[in-house]
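One file, model21.cif, is given below (mmCIF, C-alpha atoms and all ligand atoms).
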```cif
data_query
loop_
_atom_site.label_atom_id
_atom_site.label_comp_id
_atom_site.auth_asym_id
_atom_site.auth_seq_id
_atom_site.Cartn_x
_atom_site.Cartn_y
_atom_site.Cartn_z
CA MET A 1 44.29 27.37 -14.31
CA LEU A 2 47.67 27.11 -16.04
CA SER A 3 46.10 25.59 -19.13
CA LEU A 4 43.36 28.25 -19.10
CA THR A 5 46.10 30.95 -19.05
CA LYS A 6 47.88 29.20 -21.92
CA LYS A 7 44.74 28.59 -23.98
CA THR A 8 43.26 32.08 -23.61
CA GLY A 9 46.46 34.08 -23.29
CA LEU A 10 44.80 35.91 -20.41
CA ARG A 11 46.84 37.11 -17.46
CA PRO A 12 46.64 34.71 -14.48
CA ILE A 13 44.47 37.10 -12.48
CA ALA A 14 41.84 37.34 -15.27
CA ALA A 15 42.06 33.60 -15.89
CA SER A 16 41.55 32.86 -12.23
CA PHE A 17 38.50 35.14 -12.21
CA ILE A 18 37.03 33.27 -15.19
CA ALA A 19 37.87 29.92 -13.63
CA LEU A 20 36.29 30.96 -10.34
CA ALA A 21 33.21 32.24 -12.14
CA ALA A 22 32.94 29.00 -14.12
CA LEU A 23 33.38 26.98 -10.96
CA THR A 24 30.77 29.00 -9.12
CA PHE A 25 28.43 28.73 -12.10
CA SER A 26 28.74 24.97 -12.41
CA ALA A 27 28.84 24.45 -8.66
CA GLY A 28 25.80 26.68 -8.43
CA PHE A 29 23.98 24.35 -10.77
CA GLY A 30 25.41 21.42 -8.87
CA ILE A 31 24.21 22.76 -5.56
CA ALA A 32 20.82 23.75 -6.93
CA HIS A 33 20.50 20.31 -8.51
CA ALA A 34 21.53 18.53 -5.32
CA ALA A 35 19.12 20.65 -3.25
CA ASP A 36 16.30 19.95 -5.73
CA ASP A 37 17.06 16.30 -5.62
CA ALA A 38 17.63 15.90 -1.91
CA LEU A 39 14.76 14.54 0.15
CA PRO A 40 13.30 17.09 2.58
CA LYS A 41 14.24 16.71 6.24
CA ILE A 42 11.86 16.14 9.14
CA PRO A 43 12.12 19.21 11.40
CA ASN A 44 13.32 18.64 14.94
CA LYS A 45 10.28 19.97 16.83
CA LYS A 46 7.46 18.85 19.07
CA PRO A 47 4.69 18.48 18.36
CA LEU A 48 5.33 17.58 14.77
CA ARG A 49 2.34 18.30 12.55
CA VAL A 50 1.69 15.11 10.60
CA GLY A 51 -0.84 14.83 7.79
CA PHE A 52 -2.49 11.43 7.40
CA ALA A 53 -4.74 11.17 4.32
CA GLN A 54 -6.90 8.05 4.52
CA THR A 55 -8.45 6.56 1.35
CA GLU A 56 -11.84 5.55 2.81
CA SER A 57 -13.28 4.26 6.07
CA ASN A 58 -15.71 1.64 4.85
CA ASN A 59 -14.06 -1.48 6.21
CA PRO A 60 -12.44 -2.78 9.41
CA TRP A 61 -8.99 -2.79 7.82
CA ARG A 62 -9.10 0.97 7.10
CA LEU A 63 -10.54 1.71 10.55
CA ALA A 64 -7.74 -0.28 12.20
CA GLU A 65 -5.13 1.57 10.15
CA THR A 66 -6.53 5.00 11.10
CA ARG A 67 -6.79 3.91 14.75
CA SER A 68 -3.14 2.87 14.79
CA PHE A 69 -2.13 6.44 13.82
CA LYS A 70 -4.47 8.01 16.37
CA GLU A 71 -3.06 5.73 19.07
CA ILE A 72 0.61 6.39 18.30
CA ALA A 73 0.25 10.17 17.85
CA SER A 74 0.79 11.35 21.43
CA LYS A 75 3.52 8.75 22.13
CA CYS A 76 5.35 9.89 19.00
CA GLY A 77 4.88 13.61 19.66
CA TRP A 78 2.68 13.98 16.57
CA GLN A 79 -0.22 16.36 16.15
CA MET A 80 -2.34 14.69 13.48
CA VAL A 81 -4.17 16.40 10.61
CA MET A 82 -6.48 13.66 9.29
CA THR A 83 -8.68 13.40 6.21
CA ASP A 84 -10.83 10.73 4.55
CA ALA A 85 -11.04 10.59 0.75
CA ASN A 86 -14.33 8.62 0.67
CA SER A 87 -13.03 6.16 -1.96
CA SER A 88 -11.92 8.89 -4.38
CA ALA A 89 -8.31 9.26 -5.57
CA ALA A 90 -9.19 12.81 -6.73
CA LYS A 91 -10.35 13.72 -3.22
CA GLN A 92 -7.24 12.18 -1.70
CA VAL A 93 -5.13 14.36 -4.03
CA ALA A 94 -7.09 17.46 -2.94
CA ASP A 95 -6.79 16.48 0.74
CA ILE A 96 -3.01 16.19 0.43
CA GLN A 97 -2.74 19.45 -1.51
CA SER A 98 -4.57 21.16 1.32
CA MET A 99 -2.11 19.64 3.84
CA ILE A 100 0.79 20.92 1.71
CA ALA A 101 -0.82 24.39 1.72
CA GLN A 102 -1.07 24.16 5.54
CA HIS A 103 2.67 23.32 5.64
CA VAL A 104 2.41 20.15 7.69
CA ASP A 105 5.85 18.88 8.81
CA LEU A 106 5.42 15.33 7.50
CA LEU A 107 2.97 13.56 5.21
CA VAL A 108 2.05 9.89 5.70
CA PHE A 109 -0.53 8.23 3.49
CA PRO A 110 -1.65 5.13 1.60
CA PRO A 111 -1.98 6.15 -2.07
CA ARG A 112 -5.42 4.91 -3.11
CA GLU A 113 -4.20 4.25 -6.65
CA GLU A 114 -0.70 3.81 -8.07
CA LYS A 115 -0.61 6.69 -10.58
CA PRO A 116 -2.90 9.61 -9.59
CA LEU A 117 -1.09 10.25 -6.31
CA VAL A 118 2.37 10.68 -7.88
CA PRO A 119 2.05 14.44 -8.61
CA VAL A 120 1.29 15.29 -4.96
CA ILE A 121 4.38 13.41 -3.86
CA MET A 122 6.40 15.63 -6.21
CA GLN A 123 4.53 18.75 -4.99
CA ALA A 124 5.27 17.85 -1.37
CA LYS A 125 8.96 17.36 -2.17
CA LYS A 126 9.07 20.74 -3.91
CA ALA A 127 7.41 22.34 -0.88
CA GLY A 128 10.06 20.74 1.39
CA ILE A 129 7.63 18.34 3.06
CA PRO A 130 8.90 14.78 3.57
CA VAL A 131 6.58 11.90 2.64
CA ILE A 132 6.29 8.34 3.97
CA LEU A 133 3.97 5.99 2.07
CA VAL A 134 2.25 3.27 4.06
CA ASP A 135 0.23 0.20 3.01
CA ARG A 136 0.10 0.90 -0.77
CA ASN A 137 2.84 2.11 -3.06
CA VAL A 138 2.92 4.27 -6.19
CA ASP A 139 4.12 3.35 -9.68
CA GLN A 140 7.92 3.11 -9.34
CA SER A 141 8.48 4.20 -12.94
CA MET A 142 6.89 7.56 -12.02
CA ALA A 143 8.21 8.19 -8.49
CA LYS A 144 10.83 6.34 -6.50
CA ALA A 145 11.12 5.52 -2.81
CA GLY A 146 14.38 6.90 -1.44
CA LYS A 147 14.48 9.58 -4.13
CA ASP A 148 11.06 11.24 -4.28
CA TYR A 149 9.78 10.11 -0.88
CA ILE A 150 11.46 8.60 2.15
CA THR A 151 10.20 5.04 1.97
CA PHE A 152 7.31 2.65 1.47
CA ILE A 153 6.24 0.72 4.57
CA GLY A 154 4.07 -2.22 3.63
CA SER A 155 3.44 -5.87 2.85
CA ASP A 156 4.59 -7.79 -0.18
CA PHE A 157 1.27 -7.97 -2.06
CA ILE A 158 2.64 -10.28 -4.76
CA ASP A 159 3.70 -12.74 -2.08
CA GLN A 160 0.24 -12.52 -0.48
CA GLY A 161 -1.37 -13.49 -3.81
CA GLN A 162 1.08 -16.36 -4.23
CA ARG A 163 0.36 -17.69 -0.75
CA ALA A 164 -3.39 -17.54 -1.42
CA ALA A 165 -2.88 -19.49 -4.68
CA ASP A 166 -0.68 -22.11 -2.98
CA TRP A 167 -3.36 -22.73 -0.37
CA LEU A 168 -6.14 -22.99 -2.96
CA ILE A 169 -4.19 -25.46 -5.09
CA LYS A 170 -3.73 -27.73 -2.06
CA ALA A 171 -7.33 -27.33 -0.86
CA THR A 172 -8.76 -28.26 -4.28
CA ASN A 173 -6.17 -30.91 -5.20
CA GLY A 174 -5.13 -28.74 -8.11
CA LYS A 175 -8.54 -28.69 -9.78
CA ALA A 176 -10.79 -25.64 -9.58
CA THR A 177 -12.91 -23.20 -11.58
CA ILE A 178 -12.17 -19.84 -10.00
CA ILE A 179 -13.83 -16.44 -9.70
CA GLU A 180 -11.44 -13.66 -8.69
CA LEU A 181 -12.78 -10.58 -6.89
CA GLU A 182 -10.25 -7.82 -7.42
CA GLY A 183 -9.63 -4.83 -5.17
CA SER A 184 -9.90 -1.18 -6.23
CA THR A 185 -8.84 -0.69 -9.84
CA GLY A 186 -5.40 0.92 -10.09
CA ALA A 187 -4.43 0.19 -6.45
CA SER A 188 -1.05 -1.48 -5.91
CA ALA A 189 -2.76 -3.90 -3.51
CA ALA A 190 -5.11 -5.04 -6.28
CA ASN A 191 -2.52 -5.09 -9.08
CA ASP A 192 0.06 -7.07 -7.12
CA ARG A 193 -2.34 -9.46 -5.40
CA LYS A 194 -3.69 -10.33 -8.84
CA LYS A 195 -0.21 -10.71 -10.33
CA GLY A 196 1.01 -13.03 -7.56
CA PHE A 197 -2.10 -15.23 -7.61
CA ASP A 198 -2.59 -15.41 -11.39
CA GLU A 199 1.05 -16.32 -12.06
CA VAL A 200 0.96 -19.29 -9.68
CA ILE A 201 -2.46 -20.45 -10.95
CA ALA A 202 -1.27 -20.25 -14.58
CA LYS A 203 1.34 -22.94 -13.83
CA ASN A 204 -1.40 -25.39 -12.80
CA PRO A 205 -3.38 -26.72 -15.76
CA GLY A 206 -6.23 -27.98 -13.56
CA MET A 207 -6.87 -24.51 -12.17
CA LYS A 208 -8.79 -22.03 -14.28
CA ILE A 209 -9.79 -18.41 -13.55
CA VAL A 210 -13.07 -17.99 -15.45
CA ALA A 211 -13.86 -14.43 -14.33
CA SER A 212 -11.95 -11.61 -12.64
CA GLN A 213 -13.71 -8.38 -11.72
CA SER A 214 -13.29 -5.51 -9.27
CA GLY A 215 -15.39 -5.40 -6.10
CA ASP A 216 -13.50 -2.25 -4.98
CA PHE A 217 -12.38 -3.90 -1.69
CA ALA A 218 -15.97 -3.36 -0.40
CA ARG A 219 -18.30 -5.97 1.08
CA ASP A 220 -21.51 -5.02 -0.70
CA LYS A 221 -19.80 -4.47 -4.03
CA GLY A 222 -18.16 -7.89 -3.61
CA ARG A 223 -21.58 -9.43 -2.94
CA GLN A 224 -23.14 -7.80 -6.01
CA VAL A 225 -20.29 -8.77 -8.33
CA MET A 226 -20.31 -12.32 -6.99
CA GLU A 227 -24.08 -12.57 -7.50
CA THR A 228 -23.71 -11.59 -11.17
CA LEU A 229 -20.66 -13.77 -11.81
CA LEU A 230 -22.31 -16.78 -10.16
CA GLN A 231 -25.17 -16.53 -12.64
CA ALA A 232 -22.73 -16.46 -15.56
CA HIS A 233 -20.57 -19.26 -14.08
CA PRO A 234 -22.78 -21.60 -12.00
CA ASP A 235 -20.10 -24.30 -12.18
CA VAL A 236 -17.59 -22.27 -10.16
CA THR A 237 -15.80 -24.18 -7.37
CA ALA A 238 -13.49 -21.55 -5.87
CA VAL A 239 -13.26 -17.84 -5.11
CA TYR A 240 -10.16 -15.73 -4.57
CA ALA A 241 -11.08 -12.35 -3.07
CA HIS A 242 -8.41 -9.66 -2.70
CA ASN A 243 -9.72 -8.84 0.80
CA ASP A 244 -11.84 -10.31 3.59
CA GLU A 245 -14.69 -7.84 3.13
CA MET A 246 -15.31 -8.94 -0.47
CA ALA A 247 -14.97 -12.58 0.60
CA LEU A 248 -17.70 -12.00 3.21
CA GLY A 249 -19.84 -10.41 0.50
CA ALA A 250 -19.18 -13.42 -1.74
CA ILE A 251 -20.19 -15.79 1.08
CA ALA A 252 -23.56 -13.98 1.32
CA ALA A 253 -24.05 -14.27 -2.47
CA ILE A 254 -23.12 -17.97 -2.46
CA LYS A 255 -25.63 -18.68 0.32
CA ALA A 256 -28.31 -16.67 -1.49
CA ALA A 257 -27.70 -18.87 -4.55
CA GLY A 258 -28.41 -21.95 -2.41
CA LYS A 259 -24.79 -23.16 -2.26
CA GLN A 260 -22.58 -23.83 0.74
CA PRO A 261 -19.47 -21.70 1.08
CA GLY A 262 -16.52 -23.82 2.22
CA LYS A 263 -18.10 -26.99 0.80
CA ASP A 264 -19.48 -26.34 -2.71
CA ILE A 265 -17.16 -23.39 -3.16
CA GLN A 266 -13.72 -22.95 -1.52
CA ILE A 267 -12.79 -19.38 -0.66
CA VAL A 268 -9.39 -17.84 -0.01
CA THR A 269 -8.74 -14.22 0.80
CA ILE A 270 -6.37 -11.63 2.31
CA ASP A 271 -6.48 -9.41 5.44
CA GLY A 272 -7.12 -11.39 8.63
CA THR A 273 -9.93 -9.22 10.00
CA LYS A 274 -12.03 -10.41 12.94
CA GLY A 275 -14.89 -11.13 10.49
CA GLY A 276 -12.55 -13.15 8.29
CA LEU A 277 -11.24 -15.21 11.20
CA GLU A 278 -14.79 -15.87 12.43
CA ALA A 279 -15.76 -17.08 8.94
CA ILE A 280 -12.79 -19.49 9.00
CA LYS A 281 -13.98 -20.76 12.39
CA ALA A 282 -17.48 -21.24 10.93
CA GLY A 283 -15.98 -23.29 8.06
CA GLU A 284 -17.25 -20.88 5.40
CA LEU A 285 -13.91 -19.28 4.56
CA GLY A 286 -10.95 -21.55 3.86
CA ALA A 287 -7.99 -19.27 4.55
CA SER A 288 -6.89 -15.67 4.87
CA VAL A 289 -3.39 -14.30 4.37
CA GLN A 290 -2.82 -11.58 6.94
CA SER A 291 -2.18 -8.03 5.74
CA SER A 292 -1.34 -5.91 8.75
CA PRO A 293 -2.98 -2.46 8.95
CA PHE A 294 -0.99 -1.34 12.01
CA PHE A 295 1.33 1.18 10.39
CA GLY A 296 1.24 3.91 13.05
CA PRO A 297 4.11 2.57 15.24
CA LEU A 298 6.19 1.63 12.19
CA ALA A 299 5.80 5.07 10.63
CA CYS A 300 6.73 6.71 13.95
CA ASP A 301 9.86 4.57 14.23
CA VAL A 302 10.92 5.24 10.62
CA ALA A 303 10.31 9.01 10.99
CA GLN A 304 12.39 9.19 14.18
CA LYS A 305 15.26 7.25 12.61
CA TYR A 306 15.15 9.39 9.47
CA ALA A 307 15.15 12.58 11.57
CA LYS A 308 18.30 11.31 13.34
CA GLY A 309 19.99 10.85 9.96
CA GLU A 310 19.81 7.05 9.81
CA THR A 311 19.61 5.43 6.37
CA ILE A 312 16.12 4.15 5.61
CA PRO A 313 15.68 1.37 3.02
CA PRO A 314 13.29 2.19 0.14
CA TRP A 315 10.95 -0.59 1.27
CA VAL A 316 10.33 -1.38 4.94
CA LYS A 317 8.73 -4.76 4.46
CA VAL A 318 5.99 -5.99 6.78
CA SER A 319 5.73 -9.76 7.24
CA ASP A 320 2.30 -11.35 7.43
CA ARG A 321 0.76 -14.33 9.19
CA PHE A 322 -1.48 -16.94 7.56
CA TYR A 323 -4.75 -18.24 8.96
CA ASP A 324 -6.73 -21.39 8.20
CA LYS A 325 -8.65 -23.93 10.27
CA SER A 326 -5.40 -25.38 11.68
CA ASN A 327 -4.51 -22.22 13.64
CA VAL A 328 -7.60 -20.01 13.70
CA ASP A 329 -8.53 -20.72 17.33
CA ALA A 330 -5.10 -19.63 18.55
CA SER A 331 -5.11 -16.62 16.22
CA MET A 332 -8.38 -14.86 17.11
CA GLN A 333 -6.40 -12.30 19.16
CA TYR A 334 -4.82 -10.96 15.95
CA GLY A 335 -8.15 -10.14 14.29
CA TYR A 336 -9.18 -6.49 14.16
O1 LIG B 401 -4.27 -1.86 0.77
C1 LIG B 401 -4.71 -2.84 1.63
C2 LIG B 401 -6.12 -3.24 1.35
O2 LIG B 401 -6.95 -2.12 1.33
C3 LIG B 401 -6.75 -4.16 2.35
O3 LIG B 401 -6.64 -5.49 2.02
C4 LIG B 401 -8.18 -3.77 2.23
O4 LIG B 401 -9.02 -4.36 3.15
C5 LIG B 401 -8.08 -2.33 2.15
O5 LIG B 401 -9.18 -1.58 1.81
#
```

Show me the file's structure as structure tokens.
Amino acid sequence: MLSLTKKTGLRPIAASFIALAALTFSAGFGIAHAADDALPKIPNKKPLRVGFAQTESNNPWRLAETRSFKEIASKCGWQMVMTDANSSAAKQVADIQSMIAQHVDLLVFPPREEKPLVPVIMQAKKAGIPVILVDRNVDQSMAKAGKDYITFIGSDFIDQGQRAADWLIKATNGKATIIELEGSTGASAANDRKKGFDEVIAKNPGMKIVASQSGDFARDKGRQVMETLLQAHPDVTAVYAHNDEMALGAIAAIKAAGKQPGKDIQIVTIDGTKGGLEAIKAGELGASVQSSPFFGPLACDVAQKYAKGETIPPWVKVSDRFYDKSNVDASMQYGY
């Protein structure tokens, strides 16, 4: 203030007015900036209207995930608004935009793909609706957990891919010709499961991935892709599928080609569905890394803690089991 009086030669009263105006101006920006940047709060009311936008419902994993939200809803005081995007990221975007227009109190969803769902996260934030991502994450260079949305609750997909590779290396004594069946293109689950697996395999000269193609996490697509790739690579000795459903599709294709899954061709996968565990029991599937779909209770817990003002980490990591013939009998209870 003194220096402002000296510099401008204004009388203290005028200087203080200018200083106050400047302060208000900059603080105004500061406040507006902070408010823009702050994550929206979860309102303290019951029931809380919670939007859950599912990606698709064409496999047991997705059905189990949806069920876990339906089951937790009344216990958590949530009134669910649920949609199903039928395997379309564009539809999932539209579903979430409609939930924003309905002013739900909280949005929880698995982004089908890493990039297309980023704008709706930003739109929700702008509309004052908090977001929790479950199962899959978005591209962290475009939107950040803890800044643009509360948190990501989910497995470490890179680690899942690494564990699948470790098992396959042991099961094949470090020598295999591999077909990889990828999940949905652009999904964090597919990108990271591929990264984790491929990096470990690349360090083993006896292991070679001869083909890698998307089966969209779907059983019949997995079967079709496997059928085609088997014709191009009849010498294949191993399959890594990014989920159990595609592995089960691959098993059908292998049998149709007159080969024995689990003997002529070793198969490793991810999910731990009932069908996957039964295939391990039958000796057709070698191993499955669990990927838990039961996000309902976790999301409820995180939302309640966040509403109370507790600090939530940007990634609430889910730890996963591992199934092979050594523990499958004792693990059937975990299948879904
Ligand atoms: O994002 C998780 C994956 O998506 C599961 O492995 C798969 O089954 C699902 O469709």

Throw together the list of residues within 7 Å of ligand LIG 401 (chain B), counting all atoms listed in the file, and drop it here as a compact mmCIF listing (two decimals) with C-alpha atoms, in the frame of the given file.
```
# COMPACT_ATOMS: atom_id res chain seq x y z
CA ASN A 59 -14.06 -1.48 6.21
CA TRP A 61 -8.99 -2.79 7.82
CA ARG A 62 -9.10 0.97 7.10
CA ASP A 135 0.23 0.20 3.01
CA ARG A 136 0.10 0.90 -0.77
CA ALA A 189 -2.76 -3.90 -3.51
CA PHE A 217 -12.38 -3.90 -1.69
CA HIS A 242 -8.41 -9.66 -2.70
CA ASN A 243 -9.72 -8.84 0.80
CA ASP A 244 -11.84 -10.31 3.59
CA GLU A 245 -14.69 -7.84 3.13
CA ILE A 270 -6.37 -11.63 2.31
CA ASP A 271 -6.48 -9.41 5.44
CA SER A 291 -2.18 -8.03 5.74
```

Checklist entry - Near A:Ala247, within 12 Å and counting all atoms listed in the file, which residues show up once chain neighbours fewer than 6 positions away are dropped, as a VMD selection string? => result chain A and resid 179 to 183 215 to 226 238 to 241 253 to 254 261 to 262 265 to 273 275 to 277 279 to 280 284 to 288

With C-alpha atoms retained, could you export that selection as a PDB file, keeping the file's coordinate frame?
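Final output, saved to selection.pdb:
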```pdb
ATOM      1  CA  ILE A 179     -13.830 -16.440  -9.700  1.00  0.00           C
ATOM      2  CA  GLU A 180     -11.440 -13.660  -8.690  1.00  0.00           C
ATOM      3  CA  LEU A 181     -12.780 -10.580  -6.890  1.00  0.00           C
ATOM      4  CA  GLU A 182     -10.250  -7.820  -7.420  1.00  0.00           C
ATOM      5  CA  GLY A 183      -9.630  -4.830  -5.170  1.00  0.00           C
ATOM      6  CA  GLY A 215     -15.390  -5.400  -6.100  1.00  0.00           C
ATOM      7  CA  ASP A 216     -13.500  -2.250  -4.980  1.00  0.00           C
ATOM      8  CA  PHE A 217     -12.380  -3.900  -1.690  1.00  0.00           C
ATOM      9  CA  ALA A 218     -15.970  -3.360  -0.400  1.00  0.00           C
ATOM     10  CA  ARG A 219     -18.300  -5.970   1.080  1.00  0.00           C
ATOM     11  CA  ASP A 220     -21.510  -5.020  -0.700  1.00  0.00           C
ATOM     12  CA  LYS A 221     -19.800  -4.470  -4.030  1.00  0.00           C
ATOM     13  CA  GLY A 222     -18.160  -7.890  -3.610  1.00  0.00           C
ATOM     14  CA  ARG A 223     -21.580  -9.430  -2.940  1.00  0.00           C
ATOM     15  CA  GLN A 224     -23.140  -7.800  -6.010  1.00  0.00           C
ATOM     16  CA  VAL A 225     -20.290  -8.770  -8.330  1.00  0.00           C
ATOM     17  CA  MET A 226     -20.310 -12.320  -6.990  1.00  0.00           C
ATOM     18  CA  ALA A 238     -13.490 -21.550  -5.870  1.00  0.00           C
ATOM     19  CA  VAL A 239     -13.260 -17.840  -5.110  1.00  0.00           C
ATOM     20  CA  TYR A 240     -10.160 -15.730  -4.570  1.00  0.00           C
ATOM     21  CA  ALA A 241     -11.080 -12.350  -3.070  1.00  0.00           C
ATOM     22  CA  ALA A 253     -24.050 -14.270  -2.470  1.00  0.00           C
ATOM     23  CA  ILE A 254     -23.120 -17.970  -2.460  1.00  0.00           C
ATOM     24  CA  PRO A 261     -19.470 -21.700   1.080  1.00  0.00           C
ATOM     25  CA  GLY A 262     -16.520 -23.820   2.220  1.00  0.00           C
ATOM     26  CA  ILE A 265     -17.160 -23.390  -3.160  1.00  0.00           C
ATOM     27  CA  GLN A 266     -13.720 -22.950  -1.520  1.00  0.00           C
ATOM     28  CA  ILE A 267     -12.790 -19.380  -0.660  1.00  0.00           C
ATOM     29  CA  VAL A 268      -9.390 -17.840  -0.010  1.00  0.00           C
ATOM     30  CA  THR A 269      -8.740 -14.220   0.800  1.00  0.00           C
ATOM     31  CA  ILE A 270      -6.370 -11.630   2.310  1.00  0.00           C
ATOM     32  CA  ASP A 271      -6.480  -9.410   5.440  1.00  0.00           C
ATOM     33  CA  GLY A 272      -7.120 -11.390   8.630  1.00  0.00           C
ATOM     34  CA  THR A 273      -9.930  -9.220  10.000  1.00  0.00           C
ATOM     35  CA  GLY A 275     -14.890 -11.130  10.490  1.00  0.00           C
ATOM     36  CA  GLY A 276     -12.550 -13.150   8.290  1.00  0.00           C
ATOM     37  CA  LEU A 277     -11.240 -15.210  11.200  1.00  0.00           C
ATOM     38  CA  ALA A 279     -15.760 -17.080   8.940  1.00  0.00           C
ATOM     39  CA  ILE A 280     -12.790 -19.490   9.000  1.00  0.00           C
ATOM     40  CA  GLU A 284     -17.250 -20.880   5.400  1.00  0.00           C
ATOM     41  CA  LEU A 285     -13.910 -19.280   4.560  1.00  0.00           C
ATOM     42  CA  GLY A 286     -10.950 -21.550   3.860  1.00  0.00           C
ATOM     43  CA  ALA A 287      -7.990 -19.270   4.550  1.00  0.00           C
ATOM     44  CA  SER A 288      -6.890 -15.670   4.870  1.00  0.00           C
TER      45      SER A 288
END
```

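Proximity of A:Val134, A:Val328, A:Ile129, A:Val302 to A:Ala101, computed with all atoms listed in the file, is greatest for A:Ile129.
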
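The smallest atom-to-atom distance between A:Pro205 and any of A:Lys41, A:Lys175, A:Lys126, A:Lys308, using all atoms listed in the file, is found for A:Lys175.
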
Checklist entry - What is the atom CA of A:Pro111-atom CA of A:Val138 distance in Å, reported with one decimal? => result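 For atom CA of A:Pro111 relative to atom CA of A:Val138, the distance reads 6.7 Å.
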
Checklist entry - By how many Å are atom CA of A:Thr228 and atom CA of A:Leu63 apart? => result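 Atom CA of A:Thr228 sits 28.7 Å away from atom CA of A:Leu63.
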
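Among A:Thr83, A:Ser68, A:Thr172, A:Gln140, the residue with the shortest atom-to-atom distance to A:Ser98, counting all atoms listed in the file, is A:Thr83.
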
Next on the checklist: Just to confirm, what's the straight-line distance from atom CA of A:Val289 to atom CA of A:Ala85 in Å (one decimal)?
Outcome noted: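 Pair atom CA of A:Val289 / atom CA of A:Ala85 returns 26.3 Å.
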
Checklist outcome for this item: Residue with the minimum atom-to-atom distance to A:Leu133, picked from A:Cys76, A:Ala171, A:Met332, A:Val316 with all atoms listed in the file counted, is A:Val316

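Take the candidates A:Ile201, A:Ile312, A:Ile96, A:Val318 and check each one against A:Phe294 using only C-alpha atoms; the shortest distance goes to A:Val318.
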
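Of the listed residues (A:Trp167, A:Tyr149, A:Tyr336, A:Trp78), A:Tyr149 comes nearest to A:Pro130; the distances count all atoms listed in the file.
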
Checklist entry - Which residues come within 7 Å of A:Ala176, counting all atoms listed in the file, excluding same-chain residues fewer than 6 positions away, as a list of chain:residue names? => result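 Listing them by chain and then by number gives A:Gly206, A:Met207, A:Lys208, A:Thr237, A:Ala238.
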
Checklist entry - Leaving out A:Val93 and any residue of its chain fewer than 2 positions from it, which residues lie within 12 Å of it when counting all atoms listed in the file, given as a ChimeraX atom specification? => result /A:53-55,83-91,95-100,109-113,115-124

Let's have the selection written as a PDB file, in the coordinates of the input, with C-alpha atoms.
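Listed below is the output, out09.pdb:
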```
ATOM      1  CA  ALA A  53      -4.740  11.170   4.320  1.00  0.00           C
ATOM      2  CA  GLN A  54      -6.900   8.050   4.520  1.00  0.00           C
ATOM      3  CA  THR A  55      -8.450   6.560   1.350  1.00  0.00           C
ATOM      4  CA  THR A  83      -8.680  13.400   6.210  1.00  0.00           C
ATOM      5  CA  ASP A  84     -10.830  10.730   4.550  1.00  0.00           C
ATOM      6  CA  ALA A  85     -11.040  10.590   0.750  1.00  0.00           C
ATOM      7  CA  ASN A  86     -14.330   8.620   0.670  1.00  0.00           C
ATOM      8  CA  SER A  87     -13.030   6.160  -1.960  1.00  0.00           C
ATOM      9  CA  SER A  88     -11.920   8.890  -4.380  1.00  0.00           C
ATOM     10  CA  ALA A  89      -8.310   9.260  -5.570  1.00  0.00           C
ATOM     11  CA  ALA A  90      -9.190  12.810  -6.730  1.00  0.00           C
ATOM     12  CA  LYS A  91     -10.350  13.720  -3.220  1.00  0.00           C
ATOM     13  CA  ASP A  95      -6.790  16.480   0.740  1.00  0.00           C
ATOM     14  CA  ILE A  96      -3.010  16.190   0.430  1.00  0.00           C
ATOM     15  CA  GLN A  97      -2.740  19.450  -1.510  1.00  0.00           C
ATOM     16  CA  SER A  98      -4.570  21.160   1.320  1.00  0.00           C
ATOM     17  CA  MET A  99      -2.110  19.640   3.840  1.00  0.00           C
ATOM     18  CA  ILE A 100       0.790  20.920   1.710  1.00  0.00           C
ATOM     19  CA  PHE A 109      -0.530   8.230   3.490  1.00  0.00           C
ATOM     20  CA  PRO A 110      -1.650   5.130   1.600  1.00  0.00           C
ATOM     21  CA  PRO A 111      -1.980   6.150  -2.070  1.00  0.00           C
ATOM     22  CA  ARG A 112      -5.420   4.910  -3.110  1.00  0.00           C
ATOM     23  CA  GLU A 113      -4.200   4.250  -6.650  1.00  0.00           C
ATOM     24  CA  LYS A 115      -0.610   6.690 -10.580  1.00  0.00           C
ATOM     25  CA  PRO A 116      -2.900   9.610  -9.590  1.00  0.00           C
ATOM     26  CA  LEU A 117      -1.090  10.250  -6.310  1.00  0.00           C
ATOM     27  CA  VAL A 118       2.370  10.680  -7.880  1.00  0.00           C
ATOM     28  CA  PRO A 119       2.050  14.440  -8.610  1.00  0.00           C
ATOM     29  CA  VAL A 120       1.290  15.290  -4.960  1.00  0.00           C
ATOM     30  CA  ILE A 121       4.380  13.410  -3.860  1.00  0.00           C
ATOM     31  CA  MET A 122       6.400  15.630  -6.210  1.00  0.00           C
ATOM     32  CA  GLN A 123       4.530  18.750  -4.990  1.00  0.00           C
ATOM     33  CA  ALA A 124       5.270  17.850  -1.370  1.00  0.00           C
TER      34      ALA A 124
END
```

Can you fill out stretch 137-141 of chain A with N, CA and C atoms and hand it back as a tab-separated table (two decimals), keeping the file's coordinate frame?
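Written file, part_36.tsv:
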```tsv
chain	number	residue	atom	x	y	z
A	137	ASN	N	1.75	1.36	-2.45
A	137	ASN	CA	2.84	2.11	-3.06
A	137	ASN	C	2.37	2.81	-4.33
A	138	VAL	N	3.23	3.65	-4.90
A	138	VAL	CA	2.92	4.27	-6.19
A	138	VAL	C	3.76	3.60	-7.28
A	139	ASP	N	3.42	3.89	-8.52
A	139	ASP	CA	4.12	3.35	-9.68
A	139	ASP	C	5.60	3.78	-9.64
A	140	GLN	N	6.50	2.79	-9.52
A	140	GLN	CA	7.92	3.11	-9.34
A	140	GLN	C	8.60	3.63	-10.62
A	141	SER	N	7.88	3.59	-11.74
A	141	SER	CA	8.48	4.20	-12.94
A	141	SER	C	8.17	5.71	-12.95
```
